[in-house]
Amino acid sequence: MPSHAKSAGEVAARRGQLWVIAAPSGAGKTSLVRALLDRDPTLRFSISYTTRPKRSSEADGRDYFFVTEADFLAMVSRDAFLEHARVFDNWYGTGREHVEGLLAGGHSVVLEIDWQGARQVRERARDSHSIFILPPSVAELERRLRGRQTDTEAVILRRLKDALGDMAHWSEFDYVVVNDDFDAALARLNAVIAGAGEAARTNAPTVHAFATAIVSSA
């Protein structure tokens with residue numbers, strides 16, 4: 001074999017990994033993902049497709065891929081999404097081809113979605129990895145939701161109820177990261193993606209005990 005030839009294993013090693021990150025509202029997922037992407041320039045954030053109108057501050061291909069409902073449903077019919085959902089009056093989805101192109105190019109890809117979307121991705125991308133972010137306590141979760149000071153009491157209570165329901169799905173994920181301290185949680189999240197996250201595995205005794213306790217306290 002010529003010295004410059006690459007073996008199948010070497011070529012495969014360049015392929016990126018697909019990481020699905022989900023969390024209940026108020027757990028700090030979006031802030032952690034943004035910081036994670038800033039810390040690791042090799043990571044790529046998956047841009048979703050949507051049928052909602054583009055805002056003046058947004059750009060197609062940067063914030064979302066903006067498509068018509070007819071085009072979106074045509075993509076659904078040919079199984080072009082790793083996951084998709086209708087949220088109120090608009091559709092959102094993760095394009096299979098978009099993600100595959102990034103992975104094939106050697107970039108690991110981060111999907112920031114809910115647990116329902118994560119379940120779809122696991123079914124369609126068996127080699128994906130998933131992380132669930134938990135708050136340190138239900139009381140802290142409520143404090144964070146109230147700290148936004150942008151919602152009515154009714155909205156806060158609904159978000160809290162939805163968040164508690166979301167937390168019940170932690171065991172479906174490969175890893176659990178607790179966002180008790182932002183910098184510490186970011187370090188743990190980075191360690192998981194770097195391949196050094198054994199302590200954060202869902203079946204680790206300390207993780208299992210903590211997650212079970214917080215969900216049962218809700």
# chains A, B, ... in the order shown; residues from 1 in each chain; ligands from 1
$ closest_atom_pairs --of "segment 34-142 of chain A" --to "segment 191-213 of chain A" --cutoff "12 Å" --atoms "only C-alpha atoms" --output "CSV"
residue,atom,partner,partner_atom,distance
A:Leu36,CA,A:Ile193,CA,9.7
A:Leu37,CA,A:Ile193,CA,11.3
A:Arg39,CA,A:Ala191,CA,11.8
A:Asp40,CA,A:Ala194,CA,9.9
A:Thr42,CA,A:Ala194,CA,11.3
A:Leu43,CA,A:Ile193,CA,9.7
A:Ser108,CA,A:Ile193,CA,8.9
A:Val109,CA,A:Ile193,CA,10.3
A:Val110,CA,A:Ile193,CA,9.8
A:Ser128,CA,A:Ile193,CA,11.6
A:His129,CA,A:Ile193,CA,9.0
A:Ser130,CA,A:Ile193,CA,9.9
A:Ile131,CA,A:Val192,CA,8.6
A:Phe132,CA,A:Thr202,CA,9.1
A:Ile133,CA,A:Ala211,CA,10.2
A:Leu134,CA,A:Ala211,CA,7.9
A:Pro135,CA,A:Ala211,CA,9.7
A:Pro136,CA,A:Phe210,CA,8.9
A:Ser137,CA,A:Ala213,CA,9.3
A:Val138,CA,A:Ala213,CA,10.4
$ residues_around --residues "segment 44-48 of chain A" --least-positions-apart "6" --cutoff "9 Å" --atoms "only C-alpha atoms" --output "number ranges by chain"
A: 33, 37, 61-66, 92-95, 98-99, 102, 107-112
$ write_last_selection --atoms "C-alpha atoms" --output "mmCIF file, in the first residue's frame"
data_model
loop_
_atom_site.group_PDB
_atom_site.id
_atom_site.type_symbol
_atom_site.label_atom_id
_atom_site.label_comp_id
_atom_site.auth_asym_id
_atom_site.auth_seq_id
_atom_site.Cartn_x
_atom_site.Cartn_y
_atom_site.Cartn_z
ATOM 1 C CA VAL A 33 -24.342 25.060 24.846
ATOM 2 C CA LEU A 37 -19.336 26.046 21.337
ATOM 3 C CA GLY A 61 -28.622 29.502 6.828
ATOM 4 C CA ARG A 62 -27.273 31.196 9.949
ATOM 5 C CA ASP A 63 -30.184 31.192 12.383
ATOM 6 C CA TYR A 64 -32.488 28.756 10.580
ATOM 7 C CA PHE A 65 -33.140 27.314 7.169
ATOM 8 C CA PHE A 66 -36.419 29.054 6.357
ATOM 9 C CA TYR A 92 -39.195 22.801 13.167
ATOM 10 C CA GLY A 93 -36.805 20.033 12.188
ATOM 11 C CA THR A 94 -33.197 18.840 12.109
ATOM 12 C CA GLY A 95 -32.108 18.081 8.566
ATOM 13 C CA HIS A 98 -27.133 18.983 6.929
ATOM 14 C CA VAL A 99 -25.980 17.032 9.980
ATOM 15 C CA LEU A 102 -20.922 18.224 9.114
ATOM 16 C CA HIS A 107 -16.978 18.049 12.957
ATOM 17 C CA SER A 108 -18.859 16.867 16.009
ATOM 18 C CA VAL A 109 -22.366 18.302 15.981
ATOM 19 C CA VAL A 110 -24.507 19.550 18.862
ATOM 20 C CA LEU A 111 -28.300 19.369 18.716
ATOM 21 C CA GLU A 112 -30.124 21.431 21.341
#
$ select_by_dssp --residues "segment 22-210 of chain A" --states "strand (DSSP E or B)" --output "ChimeraX atom specification"
/A:22,43-45,49-50,60,64-66,81-87,90-95,108-112,129-134,175-178,201
$ atom_distance --atom1 "atom CA of Ala27 of chain A" --atom2 "atom CA of Glu100 of chain A"
28.6 Å
$ residues_around --residues "Asp127 of chain A" --least-positions-apart "6" --cutoff "12 Å" --atoms "only C-alpha atoms" --output "list of chain:residue names"
A:Arg15, A:Gly16, A:Gln17, A:Leu18, A:Trp19, A:Val20, A:Leu103, A:Val121, A:Asp174
